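Structure file structure-v6.pdb (PDB, C-alpha atoms) is printed below.
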ATOM      1  CA  MET A   1    -141.475 -68.969 -80.283
ATOM      2  CA  PRO A   2    -143.179 -66.991 -77.513
ATOM      3  CA  ALA A   3    -142.369 -63.356 -76.877
ATOM      4  CA  ARG A   4    -140.450 -62.607 -73.723
ATOM      5  CA  PHE A   5    -138.898 -59.778 -71.757
ATOM      6  CA  LYS A   6    -135.233 -60.048 -70.883
ATOM      7  CA  ILE A   7    -133.676 -57.821 -68.242
ATOM      8  CA  MET A   8    -130.745 -55.869 -69.636
ATOM      9  CA  LYS A   9    -130.179 -53.564 -66.678
ATOM     10  CA  GLY A  10    -131.233 -53.702 -63.050
ATOM     11  CA  PRO A  11    -131.831 -56.698 -60.773
ATOM     12  CA  ASN A  12    -131.562 -60.161 -62.307
ATOM     13  CA  VAL A  13    -129.713 -59.095 -65.464
ATOM     14  CA  GLY A  14    -130.141 -61.795 -68.094
ATOM     15  CA  THR A  15    -133.328 -63.266 -66.633
ATOM     16  CA  ALA A  16    -136.160 -63.707 -69.170
ATOM     17  CA  TYR A  17    -139.921 -63.676 -68.535
ATOM     18  CA  GLU A  18    -142.480 -65.263 -70.826
ATOM     19  CA  LEU A  19    -145.199 -62.913 -72.053
ATOM     20  CA  ASP A  20    -148.555 -64.630 -72.272
ATOM     21  CA  GLY A  21    -151.910 -62.915 -71.821
ATOM     22  CA  GLU A  22    -151.573 -60.112 -69.266
ATOM     23  CA  LEU A  23    -149.023 -59.361 -66.602
ATOM     24  CA  PHE A  24    -148.432 -56.412 -64.336
ATOM     25  CA  ILE A  25    -145.200 -54.834 -63.171
ATOM     26  CA  GLY A  26    -144.836 -52.559 -60.159
ATOM     27  CA  ARG A  27    -143.815 -52.157 -56.555
ATOM     28  CA  ASP A  28    -146.943 -53.695 -55.009
ATOM     29  CA  ALA A  29    -146.716 -57.319 -53.894
ATOM     30  CA  GLY A  30    -149.754 -58.229 -55.985
ATOM     31  CA  ASN A  31    -147.945 -57.684 -59.289
ATOM     32  CA  ASP A  32    -146.646 -60.510 -61.434
ATOM     33  CA  ILE A  33    -143.182 -58.932 -61.285
ATOM     34  CA  VAL A  34    -142.528 -57.066 -58.030
ATOM     35  CA  VAL A  35    -139.706 -54.514 -57.992
ATOM     36  CA  ALA A  36    -138.557 -52.984 -54.700
ATOM     37  CA  ASP A  37    -137.734 -49.620 -56.218
ATOM     38  CA  HIS A  38    -138.890 -46.198 -55.004
ATOM     39  CA  THR A  39    -138.885 -44.879 -58.588
ATOM     40  CA  ALA A  40    -141.450 -47.504 -59.633
ATOM     41  CA  SER A  41    -145.112 -47.019 -58.747
ATOM     42  CA  ARG A  42    -147.141 -49.607 -56.874
ATOM     43  CA  HIS A  43    -148.981 -50.447 -60.100
ATOM     44  CA  HIS A  44    -146.709 -49.206 -62.848
ATOM     45  CA  VAL A  45    -147.372 -50.883 -66.190
ATOM     46  CA  LYS A  46    -149.685 -53.411 -67.795
ATOM     47  CA  VAL A  47    -148.319 -55.712 -70.501
ATOM     48  CA  SER A  48    -150.772 -57.470 -72.838
ATOM     49  CA  VAL A  49    -150.177 -59.953 -75.634
ATOM     50  CA  VAL A  50    -152.991 -59.852 -78.212
ATOM     51  CA  ASN A  51    -152.808 -61.713 -81.532
ATOM     52  CA  GLY A  52    -149.053 -61.938 -81.263
ATOM     53  CA  GLN A  53    -148.578 -58.231 -80.563
ATOM     54  CA  VAL A  54    -147.196 -56.923 -77.284
ATOM     55  CA  PHE A  55    -148.912 -53.843 -75.849
ATOM     56  CA  VAL A  56    -147.652 -51.842 -72.866
ATOM     57  CA  LYS A  57    -149.770 -49.315 -71.001
ATOM     58  CA  ASP A  58    -148.713 -46.930 -68.246
ATOM     59  CA  LEU A  59    -151.081 -47.313 -65.278
ATOM     60  CA  GLY A  60    -150.755 -43.695 -64.197
ATOM     61  CA  SER A  61    -147.317 -44.190 -62.664
ATOM     62  CA  ASN A  62    -145.428 -41.286 -61.151
ATOM     63  CA  ASN A  63    -142.393 -41.560 -63.403
ATOM     64  CA  GLY A  64    -143.966 -43.062 -66.508
ATOM     65  CA  ILE A  65    -142.657 -45.727 -68.860
ATOM     66  CA  PHE A  66    -139.988 -45.246 -71.497
ATOM     67  CA  VAL A  67    -139.748 -47.149 -74.784
ATOM     68  CA  ASN A  68    -136.380 -46.835 -76.497
ATOM     69  CA  GLY A  69    -135.699 -43.760 -74.389
ATOM     70  CA  ALA A  70    -138.961 -41.957 -75.221
ATOM     71  CA  LYS A  71    -141.701 -41.467 -72.628
ATOM     72  CA  MET A  72    -144.908 -43.220 -73.620
ATOM     73  CA  THR A  73    -148.425 -43.738 -72.297
ATOM     74  CA  GLU A  74    -149.260 -46.699 -74.529
ATOM     75  CA  HIS A  75    -147.187 -48.439 -77.155
ATOM     76  CA  VAL A  76    -146.994 -51.545 -79.331
ATOM     77  CA  LEU A  77    -143.581 -53.097 -78.855
ATOM     78  CA  ARG A  78    -141.548 -54.654 -81.622
ATOM     79  CA  GLU A  79    -138.733 -57.137 -81.221
ATOM     80  CA  THR A  80    -135.595 -55.543 -79.688
ATOM     81  CA  ASP A  81    -137.605 -52.595 -78.280
ATOM     82  CA  GLN A  82    -136.512 -51.569 -74.796
ATOM     83  CA  LEU A  83    -138.914 -50.801 -71.937
ATOM     84  CA  LEU A  84    -137.712 -48.906 -68.858
ATOM     85  CA  VAL A  85    -139.732 -49.350 -65.648
ATOM     86  CA  GLY A  86    -138.179 -47.473 -62.765
ATOM     87  CA  LYS A  87    -134.542 -48.528 -62.963
ATOM     88  CA  THR A  88    -135.169 -51.885 -64.637
ATOM     89  CA  LEU A  89    -134.600 -52.084 -68.391
ATOM     90  CA  PHE A  90    -136.397 -54.858 -70.308
ATOM     91  CA  VAL A  91    -135.817 -55.793 -73.946
ATOM     92  CA  LEU A  92    -138.453 -57.581 -76.033
ATOM     93  CA  GLU A  93    -137.215 -60.686 -77.787
ATOM     94  CA  SER A  94    -138.389 -64.100 -78.866
ATOM     95  CA  GLY A  95    -137.220 -67.438 -77.510
ATOM     96  CA  GLU A  96    -137.846 -69.983 -74.824
ATOM     97  CA  PRO A  97    -138.231 -68.344 -71.402
ATOM     98  CA  THR A  98    -135.973 -69.057 -68.473
ATOM     99  CA  VAL A  99    -138.663 -67.912 -66.040
ATOM    100  CA  ALA A 100    -142.402 -67.793 -66.647
ATOM    101  CA  ALA A 101    -143.547 -64.496 -65.193
ATOM    102  CA  GLY A 102    -146.724 -64.956 -63.225
ATOM    103  CA  ALA A 103    -146.670 -68.740 -63.564
ATOM    104  CA  GLU A 104    -146.989 -70.645 -60.302
ATOM    105  CA  SER A 105    -143.855 -72.662 -59.748
ATOM    106  CA  ARG A 106    -144.261 -76.096 -58.222
ATOM    107  CA  HIS A 107    -141.940 -74.766 -55.525
ATOM    108  CA  ASP A 108    -144.400 -71.986 -54.651
ATOM    109  CA  ARG A 109    -146.425 -74.688 -52.957
ATOM    110  CA  THR A 110    -143.555 -75.699 -50.682
ATOM    111  CA  ILE A 111    -144.250 -73.641 -47.568
ATOM    112  CA  VAL A 112    -141.542 -74.130 -45.011
ATOM    113  CA  SER A 113    -141.872 -71.801 -42.015
ATOM    114  CA  SER A 114    -142.714 -68.380 -40.612
ATOM    115  CA  VAL A 115    -141.000 -65.636 -42.578
ATOM    116  CA  VAL A 116    -141.865 -62.034 -41.803
ATOM    117  CA  CYS A 117    -143.720 -60.745 -38.754
ATOM    118  CA  ARG A 118    -144.895 -64.313 -38.092
ATOM    119  CA  GLY A 119    -146.568 -64.638 -41.482
ATOM    120  CA  ARG A 120    -146.299 -67.913 -43.349
ATOM    121  CA  GLY A 121    -143.221 -68.537 -45.393
ATOM    122  CA  MET A 122    -142.118 -69.466 -48.860
ATOM    123  CA  VAL A 123    -139.134 -71.029 -50.549
ATOM    124  CA  ALA A 124    -136.905 -68.349 -52.038
ATOM    125  CA  GLN A 125    -133.840 -69.289 -54.022
ATOM    126  CA  PRO A 126    -132.940 -68.741 -57.687
ATOM    127  CA  SER A 127    -133.187 -71.620 -60.112
ATOM    128  CA  GLY A 128    -129.896 -72.995 -61.269
ATOM    129  CA  SER A 129    -128.190 -71.980 -58.037
ATOM    130  CA  GLY A 130    -128.083 -75.479 -56.654
ATOM    131  CA  GLY A 131    -130.655 -74.549 -54.021
ATOM    132  CA  LYS A 132    -133.915 -76.150 -53.054
ATOM    133  CA  ALA A 133    -136.362 -74.103 -55.094
ATOM    134  CA  ALA A 134    -136.963 -71.403 -57.657
ATOM    135  CA  SER A 135    -139.904 -69.273 -56.617
ATOM    136  CA  ALA A 136    -138.087 -66.037 -55.798
ATOM    137  CA  TYR A 137    -135.398 -64.190 -57.662
ATOM    138  CA  GLY A 138    -133.222 -61.470 -56.183
ATOM    139  CA  GLY A 139    -130.291 -59.401 -57.242
ATOM    140  CA  ARG A 140    -128.578 -56.133 -56.684
ATOM    141  CA  GLU A 141    -126.531 -53.857 -58.869
ATOM    142  CA  ARG A 142    -123.927 -52.421 -56.525
ATOM    143  CA  ALA A 143    -120.901 -50.198 -56.682
ATOM    144  CA  ARG A 144    -119.140 -53.546 -56.357
ATOM    145  CA  ARG A 145    -121.083 -56.085 -58.387
ATOM    146  CA  PRO A 146    -122.574 -59.151 -56.645
ATOM    147  CA  GLY A 147    -120.202 -62.063 -56.754
ATOM    148  CA  SER A 148    -117.112 -59.894 -56.825
ATOM    149  CA  PRO A 149    -114.376 -60.540 -54.226
ATOM    150  CA  GLY A 150    -115.490 -59.647 -50.712
ATOM    151  CA  ASP A 151    -119.179 -59.529 -51.591
ATOM    152  CA  ARG A 152    -120.304 -63.139 -51.233
ATOM    153  CA  SER A 153    -123.577 -62.475 -49.466
ATOM    154  CA  ALA A 154    -124.752 -59.886 -51.978
ATOM    155  CA  GLN A 155    -125.175 -62.711 -54.455
ATOM    156  CA  PRO A 156    -128.782 -63.864 -54.976
ATOM    157  CA  GLY A 157    -129.388 -67.175 -53.296
ATOM    158  CA  ALA A 158    -126.002 -67.072 -51.594
ATOM    159  CA  SER A 159    -125.320 -69.892 -49.194
ATOM    160  CA  ASP A 160    -126.080 -69.356 -45.533
ATOM    161  CA  ASP A 161    -122.792 -71.078 -44.668
ATOM    162  CA  GLY A 162    -119.809 -69.050 -43.457
ATOM    163  CA  ALA A 163    -119.522 -65.642 -41.917
ATOM    164  CA  GLY A 164    -119.985 -63.788 -45.191
ATOM    165  CA  GLU A 165    -120.877 -60.151 -45.253
ATOM    166  CA  SER A 166    -121.585 -57.261 -47.544
ATOM    167  CA  ALA A 167    -121.349 -53.610 -46.701
ATOM    168  CA  GLY A 168    -121.598 -50.360 -48.565
ATOM    169  CA  PRO A 169    -124.246 -48.404 -50.435
ATOM    170  CA  ALA A 170    -126.391 -50.222 -52.944
ATOM    171  CA  SER A 171    -127.481 -48.746 -56.251
ATOM    172  CA  GLY A 172    -129.946 -51.436 -57.376
ATOM    173  CA  GLU A 173    -133.049 -53.150 -56.103
ATOM    174  CA  VAL A 174    -134.146 -56.615 -55.071
ATOM    175  CA  THR A 175    -136.921 -58.320 -57.027
ATOM    176  CA  LEU A 176    -139.047 -61.217 -55.808
ATOM    177  CA  VAL A 177    -141.257 -63.037 -58.314
ATOM    178  CA  GLY A 178    -144.024 -65.497 -57.483
ATOM    179  CA  LYS A 179    -147.690 -66.280 -57.923
ATOM    180  CA  SER A 180    -149.086 -68.467 -55.129
ATOM    181  CA  ALA A 181    -151.263 -67.011 -52.361
ATOM    182  CA  ALA A 182    -148.678 -67.852 -49.712
ATOM    183  CA  PHE A 183    -145.963 -66.196 -51.777
ATOM    184  CA  LYS A 184    -148.025 -63.020 -52.196
ATOM    185  CA  ARG A 185    -148.855 -62.954 -48.486
ATOM    186  CA  ALA A 186    -145.152 -63.197 -47.664
ATOM    187  CA  LEU A 187    -144.425 -60.343 -50.082
ATOM    188  CA  GLU A 188    -147.183 -58.197 -48.576
ATOM    189  CA  LEU A 189    -145.700 -58.701 -45.125
ATOM    190  CA  ALA A 190    -142.212 -57.930 -46.433
ATOM    191  CA  VAL A 191    -143.382 -54.720 -48.127
ATOM    192  CA  SER A 192    -145.164 -53.673 -44.920
ATOM    193  CA  ALA A 193    -142.112 -54.477 -42.805
ATOM    194  CA  ALA A 194    -139.844 -52.573 -45.205
ATOM    195  CA  ALA A 195    -141.741 -49.361 -44.538
ATOM    196  CA  ALA A 196    -141.384 -49.718 -40.751
ATOM    197  CA  ALA A 197    -138.339 -48.884 -38.648
ATOM    198  CA  SER A 198    -138.695 -51.641 -36.077
ATOM    199  CA  PRO A 199    -136.595 -54.831 -35.936
ATOM    200  CA  VAL A 200    -137.783 -57.872 -37.877
ATOM    201  CA  LEU A 201    -137.360 -61.568 -37.122
ATOM    202  CA  LEU A 202    -137.448 -64.131 -39.929
ATOM    203  CA  THR A 203    -137.555 -67.869 -39.251
ATOM    204  CA  GLY A 204    -137.193 -70.815 -41.579
ATOM    205  CA  GLU A 205    -134.894 -73.648 -42.535
ATOM    206  CA  SER A 206    -131.472 -72.895 -43.996
ATOM    207  CA  GLY A 207    -131.668 -72.146 -47.715
ATOM    208  CA  THR A 208    -135.240 -70.833 -47.690
ATOM    209  CA  GLY A 209    -134.326 -67.261 -48.617
ATOM    210  CA  LYS A 210    -134.240 -65.409 -45.300
ATOM    211  CA  GLU A 211    -131.339 -63.206 -46.376
ATOM    212  CA  LEU A 212    -133.055 -62.515 -49.699
ATOM    213  CA  PHE A 213    -136.114 -61.222 -47.840
ATOM    214  CA  ALA A 214    -133.873 -59.139 -45.571
ATOM    215  CA  ARG A 215    -132.284 -57.522 -48.619
ATOM    216  CA  PHE A 216    -135.740 -56.970 -50.135
ATOM    217  CA  MET A 217    -136.865 -55.118 -47.000
ATOM    218  CA  HIS A 218    -133.673 -53.070 -46.878
ATOM    219  CA  ALA A 219    -134.059 -52.099 -50.548
ATOM    220  CA  GLY A 220    -137.652 -50.997 -49.915
ATOM    221  CA  SER A 221    -136.853 -48.985 -46.786
ATOM    222  CA  ALA A 222    -135.742 -45.432 -46.110
ATOM    223  CA  ARG A 223    -132.287 -46.867 -45.407
ATOM    224  CA  PHE A 224    -131.863 -47.996 -48.999
ATOM    225  CA  GLY A 225    -128.542 -46.721 -50.337
ATOM    226  CA  ASN A 226    -126.898 -47.071 -46.924
ATOM    227  CA  PRO A 227    -124.920 -50.139 -45.795
ATOM    228  CA  PHE A 228    -126.423 -53.623 -45.653
ATOM    229  CA  VAL A 229    -124.156 -55.770 -43.471
ATOM    230  CA  ALA A 230    -124.741 -59.506 -42.980
ATOM    231  CA  LEU A 231    -123.232 -61.873 -40.426
ATOM    232  CA  ASN A 232    -123.847 -65.575 -39.809
ATOM    233  CA  CYS A 233    -123.823 -65.946 -36.017
ATOM    234  CA  ALA A 234    -123.521 -69.731 -36.237
ATOM    235  CA  ALA A 235    -120.265 -69.642 -38.183
ATOM    236  CA  LEU A 236    -118.011 -68.298 -35.420
ATOM    237  CA  PRO A 237    -117.139 -69.226 -31.820
ATOM    238  CA  GLU A 238    -118.417 -66.877 -29.124
ATOM    239  CA  THR A 239    -115.206 -64.886 -28.612
ATOM    240  CA  LEU A 240    -114.751 -64.233 -32.322
ATOM    241  CA  LEU A 241    -118.439 -63.506 -32.802
ATOM    242  CA  GLU A 242    -118.354 -60.853 -30.072
ATOM    243  CA  ASN A 243    -115.416 -59.215 -31.809
ATOM    244  CA  GLU A 244    -117.165 -59.396 -35.211
ATOM    245  CA  LEU A 245    -120.306 -57.783 -33.814
ATOM    246  CA  PHE A 246    -118.844 -55.020 -31.638
ATOM    247  CA  GLY A 247    -115.282 -54.601 -32.873
ATOM    248  CA  HIS A 248    -112.281 -53.988 -30.646
ATOM    249  CA  VAL A 249    -109.867 -51.247 -29.642
ATOM    250  CA  LYS A 250    -106.117 -51.320 -30.020
ATOM    251  CA  GLY A 251    -104.533 -53.497 -27.338
ATOM    252  CA  ALA A 252    -107.781 -55.268 -26.432
ATOM    253  CA  PHE A 253    -106.056 -58.637 -26.773
ATOM    254  CA  THR A 254    -102.813 -60.117 -28.010
ATOM    255  CA  GLY A 255    -102.392 -59.214 -31.647
ATOM    256  CA  ALA A 256    -104.892 -56.323 -31.576
ATOM    257  CA  GLU A 257    -102.471 -53.820 -33.070
ATOM    258  CA  ASN A 258    -105.188 -51.549 -34.436
ATOM    259  CA  THR A 259    -108.723 -50.513 -33.570
ATOM    260  CA  CYS A 260    -111.191 -52.466 -35.714
ATOM    261  CA  PRO A 261    -114.890 -51.628 -36.126
ATOM    262  CA  GLY A 262    -117.495 -54.360 -35.750
ATOM    263  CA  LYS A 263    -120.578 -55.080 -37.804
ATOM    264  CA  PHE A 264    -122.776 -52.755 -35.728
ATOM    265  CA  GLU A 265    -120.507 -49.820 -36.503
ATOM    266  CA  LEU A 266    -120.108 -50.784 -40.161
ATOM    267  CA  ALA A 267    -123.898 -50.904 -40.529
ATOM    268  CA  HIS A 268    -124.413 -47.388 -39.120
ATOM    269  CA  THR A 269    -127.410 -45.663 -40.856
ATOM    270  CA  GLY A 270    -128.194 -48.941 -42.621
ATOM    271  CA  THR A 271    -129.360 -52.477 -41.891
ATOM    272  CA  LEU A 272    -127.617 -55.241 -39.939
ATOM    273  CA  PHE A 273    -128.718 -58.771 -40.841
ATOM    274  CA  LEU A 274    -127.943 -61.284 -38.076
ATOM    275  CA  ASP A 275    -128.424 -64.764 -39.483
ATOM    276  CA  GLU A 276    -128.904 -67.750 -37.141
ATOM    277  CA  ILE A 277    -129.253 -65.535 -34.084
ATOM    278  CA  GLY A 278    -130.595 -68.544 -32.178
ATOM    279  CA  ASP A 279    -127.055 -69.916 -32.019
ATOM    280  CA  CYS A 280    -125.762 -67.028 -29.887
ATOM    281  CA  SER A 281    -124.753 -67.833 -26.323
ATOM    282  CA  PRO A 282    -126.821 -66.434 -23.391
ATOM    283  CA  SER A 283    -124.067 -63.931 -22.487
ATOM    284  CA  LEU A 284    -123.869 -62.652 -26.051
ATOM    285  CA  GLN A 285    -127.667 -62.452 -26.211
ATOM    286  CA  ALA A 286    -127.522 -60.059 -23.238
ATOM    287  CA  ARG A 287    -125.091 -57.790 -25.099
ATOM    288  CA  LEU A 288    -127.223 -57.952 -28.211
ATOM    289  CA  LEU A 289    -130.296 -56.981 -26.202
ATOM    290  CA  ARG A 290    -128.600 -53.802 -25.019
ATOM    291  CA  ALA A 291    -127.449 -52.981 -28.535
ATOM    292  CA  VAL A 292    -130.954 -53.511 -29.937
ATOM    293  CA  GLU A 293    -132.709 -51.581 -27.151
ATOM    294  CA  GLN A 294    -130.264 -48.751 -26.494
ATOM    295  CA  LYS A 295    -128.602 -48.508 -29.922
ATOM    296  CA  GLU A 296    -125.241 -48.550 -28.185
ATOM    297  CA  PHE A 297    -122.503 -51.074 -27.431
ATOM    298  CA  PHE A 298    -119.022 -51.398 -25.979
ATOM    299  CA  PRO A 299    -116.227 -52.520 -28.308
ATOM    300  CA  VAL A 300    -114.087 -55.328 -26.920
ATOM    301  CA  GLY A 301    -111.473 -53.824 -24.576
ATOM    302  CA  SER A 302    -113.214 -50.460 -24.257
ATOM    303  CA  ASN A 303    -115.239 -48.890 -21.442
ATOM    304  CA  LYS A 304    -116.614 -46.186 -23.718
ATOM    305  CA  ALA A 305    -119.976 -46.856 -25.337
ATOM    306  CA  LYS A 306    -120.551 -46.227 -29.025
ATOM    307  CA  ARG A 307    -123.935 -45.216 -30.349
ATOM    308  CA  VAL A 308    -125.202 -46.324 -33.756
ATOM    309  CA  ASP A 309    -128.283 -45.895 -35.896
ATOM    310  CA  VAL A 310    -128.930 -49.420 -37.163
ATOM    311  CA  ARG A 311    -132.025 -51.396 -38.097
ATOM    312  CA  ILE A 312    -131.787 -55.044 -37.059
ATOM    313  CA  ILE A 313    -133.174 -57.871 -39.165
ATOM    314  CA  ALA A 314    -132.526 -61.198 -37.475
ATOM    315  CA  ALA A 315    -133.102 -64.731 -38.713
ATOM    316  CA  SER A 316    -133.007 -68.234 -37.294
ATOM    317  CA  ASN A 317    -133.580 -71.796 -38.432
ATOM    318  CA  LYS A 318    -134.537 -72.786 -34.877
ATOM    319  CA  ASP A 319    -137.867 -72.734 -33.061
ATOM    320  CA  LEU A 320    -137.056 -69.782 -30.811
ATOM    321  CA  GLU A 321    -140.271 -70.018 -28.803
ATOM    322  CA  LYS A 322    -139.327 -73.578 -27.910
ATOM    323  CA  ALA A 323    -135.800 -72.385 -27.125
ATOM    324  CA  ILE A 324    -137.269 -69.815 -24.707
ATOM    325  CA  LYS A 325    -139.126 -72.540 -22.829
ATOM    326  CA  GLU A 326    -135.886 -74.517 -22.637
ATOM    327  CA  ARG A 327    -134.084 -71.366 -21.381
ATOM    328  CA  ALA A 328    -131.766 -71.442 -24.381
ATOM    329  CA  PHE A 329    -132.929 -68.073 -25.754
ATOM    330  CA  ARG A 330    -133.862 -64.861 -23.951
ATOM    331  CA  SER A 331    -137.544 -64.017 -24.110
ATOM    332  CA  ASP A 332    -136.847 -60.264 -23.859
ATOM    333  CA  LEU A 333    -134.540 -60.391 -26.880
ATOM    334  CA  PHE A 334    -137.081 -62.481 -28.784
ATOM    335  CA  TYR A 335    -139.908 -60.002 -28.189
ATOM    336  CA  ARG A 336    -137.644 -57.036 -28.896
ATOM    337  CA  LEU A 337    -136.773 -58.538 -32.270
ATOM    338  CA  ASN A 338    -140.274 -59.809 -33.024
TER     339      ASN A 338
END
As structure tokens, the full file:
Amino acid sequence: MPARFKIMKGPNVGTAYELDGELFIGRDAGNDIVVADHTASRHHVKVSVVNGQVFVKDLGSNNGIFVNGAKMTEHVLRETDQLLVGKTLFVLESGEPTVAAGAESRHDRTIVSSVVCRGRGMVAQPSGSGGKAASAYGGRERARRPGSPGDRSAQPGASDDGAGESAGPASGEVTLVGKSAAFKRALELAVSAAAAASPVLLTGESGTGKELFARFMHAGSARFGNPFVALNCAALPETLLENELFGHVKGAFTGAENTCPGKFELAHTGTLFLDEIGDCSPSLQARLLRAVEQKEFFPVGSNKAKRVDVRIIAASNKDLEKAIKERAFRSDLFYRLN
């Protein structure tokens, strides 16, 4: 039975990775296992399997590696030994792997669309989730665990359907794993975009992992630990969508008995992910443009502007450049987001 690492703590708890030959773990997109974690170095640890023995070597990382709680430079692991890399805890065991770390999935070759900053895309959805592919894996340990009530969109590979959302500080990281050249290029672009403060536009068919990439960029940014709020713009009619985005004040409409904050306000100091932004009406696009440019908006029923500090990551399954030519999408909003 081949040796494998199984994650006991951190993103993707329970996922196992086959150990064969050499693999590298770190924050850089070129690693076999990429961890979006500020406590992990770009090139953190090398794992080698030689004559059935598993060797780990610290690659000069800032925070080192820990084996069974003790800081090490190099070490030969035995079965059940635990390896801590950043905030991810691996345990060495034997058995059939659920994921081959560093192996190129057949789905890695399914390139579907532009993803980040107009780079080429990749399929990104966990295996066993009922999705289209299994070339990226993401997860997040949160104050409220993914999959708990009210936190649908924090779940790796969550469906794009519905107006799901997640808000609140995150305590974990998002991990993407892949091997193909296109996959690595997408990761490089995502890592680069994570370090920037500007808006990002992701495009691709539904189910290709746009929200997973958004969470990856949020986890790798200076806003990590602050709210990540997601909203599917295609799931609501215009009047409800406006209210969801900007909130309303008491008395704004029949039944508005209390002031209610919108997604922009809830995402203050964090990241707002607007999925399927291409489905917004022209009038709502105009309001979004002001919010993106000026970092301020007017709640429904109010004439007093509210200012927020929010990074926008938008996504669409439509050809927005074609939509611009057909006058279905504002060119100024497109270029502000892209």
### Task
Measure the distance from CA of Ser41 in chain A to CA of Phe224 in chain A in Å and round it to one decimal.
16.5 Å
### Query
Counting all atoms listed in the file, what is within 10 Å of Ala328 in chain A, bar same-chain residues fewer than 3 positions away, as a ChimeraX atom specification?
/A:278-282,320-325,331
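Residue nearest Gly270 in chain A within the list A:Val308, A:Ala314, A:Val13, A:Leu189: A:Val308 [criterion: smallest interatomic distance, only C-alpha atoms].
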#### Entry: Pick from A:Phe55, A:Phe246, A:Phe183, A:Phe273, whichever lies nearest to Leu288 in chain A using only C-alpha atoms
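Among the listed residues, A:Phe246 lies closest to Leu288 in chain A.
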### Summary
The residue from A:Ile277, A:Val300, A:Ala29, A:Ala40 with the smallest atom-to-atom distance to Ala235 in chain A, counting all atoms listed in the file, is A:Ile277
### Message
As a check of understanding, name the residues that the PyMOL selection byres ((chain A and resi 56-59) around 10) selects in the supplied structure, as a VMD selection string.
### Response
chain A and resid 22 to 26 41 to 49 54 to 55 60 to 67 71 to 77 83 85
Using C-alpha atoms, can you write the selected residues to a file as a JSON list (two decimals), keeping the file's coordinate frame?
[["chain", "number", "residue", "atom", "x", "y", "z"],
["A", 22, "GLU", "CA", -151.57, -60.11, -69.27],
["A", 23, "LEU", "CA", -149.02, -59.36, -66.60],
["A", 24, "PHE", "CA", -148.43, -56.41, -64.34],
["A", 25, "ILE", "CA", -145.20, -54.83, -63.17],
["A", 26, "GLY", "CA", -144.84, -52.56, -60.16],
["A", 41, "SER", "CA", -145.11, -47.02, -58.75],
["A", 42, "ARG", "CA", -147.14, -49.61, -56.87],
["A", 43, "HIS", "CA", -148.98, -50.45, -60.10],
["A", 44, "HIS", "CA", -146.71, -49.21, -62.85],
["A", 45, "VAL", "CA", -147.37, -50.88, -66.19],
["A", 46, "LYS", "CA", -149.68, -53.41, -67.80],
["A", 47, "VAL", "CA", -148.32, -55.71, -70.50],
["A", 48, "SER", "CA", -150.77, -57.47, -72.84],
["A", 49, "VAL", "CA", -150.18, -59.95, -75.63],
["A", 54, "VAL", "CA", -147.20, -56.92, -77.28],
["A", 55, "PHE", "CA", -148.91, -53.84, -75.85],
["A", 60, "GLY", "CA", -150.76, -43.70, -64.20],
["A", 61, "SER", "CA", -147.32, -44.19, -62.66],
["A", 62, "ASN", "CA", -145.43, -41.29, -61.15],
["A", 63, "ASN", "CA", -142.39, -41.56, -63.40],
["A", 64, "GLY", "CA", -143.97, -43.06, -66.51],
["A", 65, "ILE", "CA", -142.66, -45.73, -68.86],
["A", 66, "PHE", "CA", -139.99, -45.25, -71.50],
["A", 67, "VAL", "CA", -139.75, -47.15, -74.78],
["A", 71, "LYS", "CA", -141.70, -41.47, -72.63],
["A", 72, "MET", "CA", -144.91, -43.22, -73.62],
["A", 73, "THR", "CA", -148.43, -43.74, -72.30],
["A", 74, "GLU", "CA", -149.26, -46.70, -74.53],
["A", 75, "HIS", "CA", -147.19, -48.44, -77.16],
["A", 76, "VAL", "CA", -146.99, -51.54, -79.33],
["A", 77, "LEU", "CA", -143.58, -53.10, -78.86],
["A", 83, "LEU", "CA", -138.91, -50.80, -71.94],
["A", 85, "VAL", "CA", -139.73, -49.35, -65.65]]
### Message
Since I can't run it myself right now, could you work out what the PyMOL selection byres ((chain A and resi 86-90) around 8) selects here and report it as a list in words?
### Response
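Checking the PyMOL selection byres ((chain A and resi 86-90) around 8) against this file, the residues are Phe5, Lys6, Ile7, Met8, Lys9, Gly10, Pro11, Asp37, His38, Thr39, Ala40, Asn63, Ile65, Gln82, Leu83, Leu84, Val85, Val91, Leu92 and Gly172 of chain A.
CA of Ala3 in chain A lies 4.5 Å from CA of Ser94 in chain A.
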### Message
One decimal, in Å: what's the spacing between CA of Gly52 in chain A and CA of Glu18 in chain A?
### Response
12.8 Å
### Query
Which protein, DNA or RNA residues have an atom at most 10 Å from (-144.8, -54.5, -49.2), counting all atoms listed in the file? List them as a list in words.
Arg27, Asp28, Ala29, Gly30, Val34, Ala36, Arg42, Lys184, Arg185, Ala186, Leu187, Glu188, Leu189, Ala190, Val191, Ser192, Ala193, Ala194, Ala195, Phe216, Met217, Gly220 and Ser221 of chain A
### Task
For each of A:Arg223, A:Lys263, A:His268, A:Lys304, take the minimum atom-to-atom distance to Ala197 in chain A, counting only C-alpha atoms, then give the residue where this is smallest.
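Among the listed residues, the smallest separation from Ala197 in chain A belongs to A:Arg223.
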Identify, on the basis of only C-alpha atoms, every residue whose closest approach to Asn258 in chain A does not exceed 9 Å; exclude the query and any residue fewer than 4 positions from it along the same chain; express the result as a compact mmCIF listing (two decimals) with C-alpha atoms, in the coordinates of the input.
# COMPACT_ATOMS: atom_id res chain seq x y z
CA HIS A 248 -112.28 -53.99 -30.65
CA VAL A 249 -109.87 -51.25 -29.64
CA LYS A 250 -106.12 -51.32 -30.02
CA GLY A 251 -104.53 -53.50 -27.34
### Message
When you count all atoms listed in the file, which of these residues is closest to Cys260 in chain A: A:Asp20, A:Glu244, A:Asp275, A:Glu93?
### Response
A:Glu244
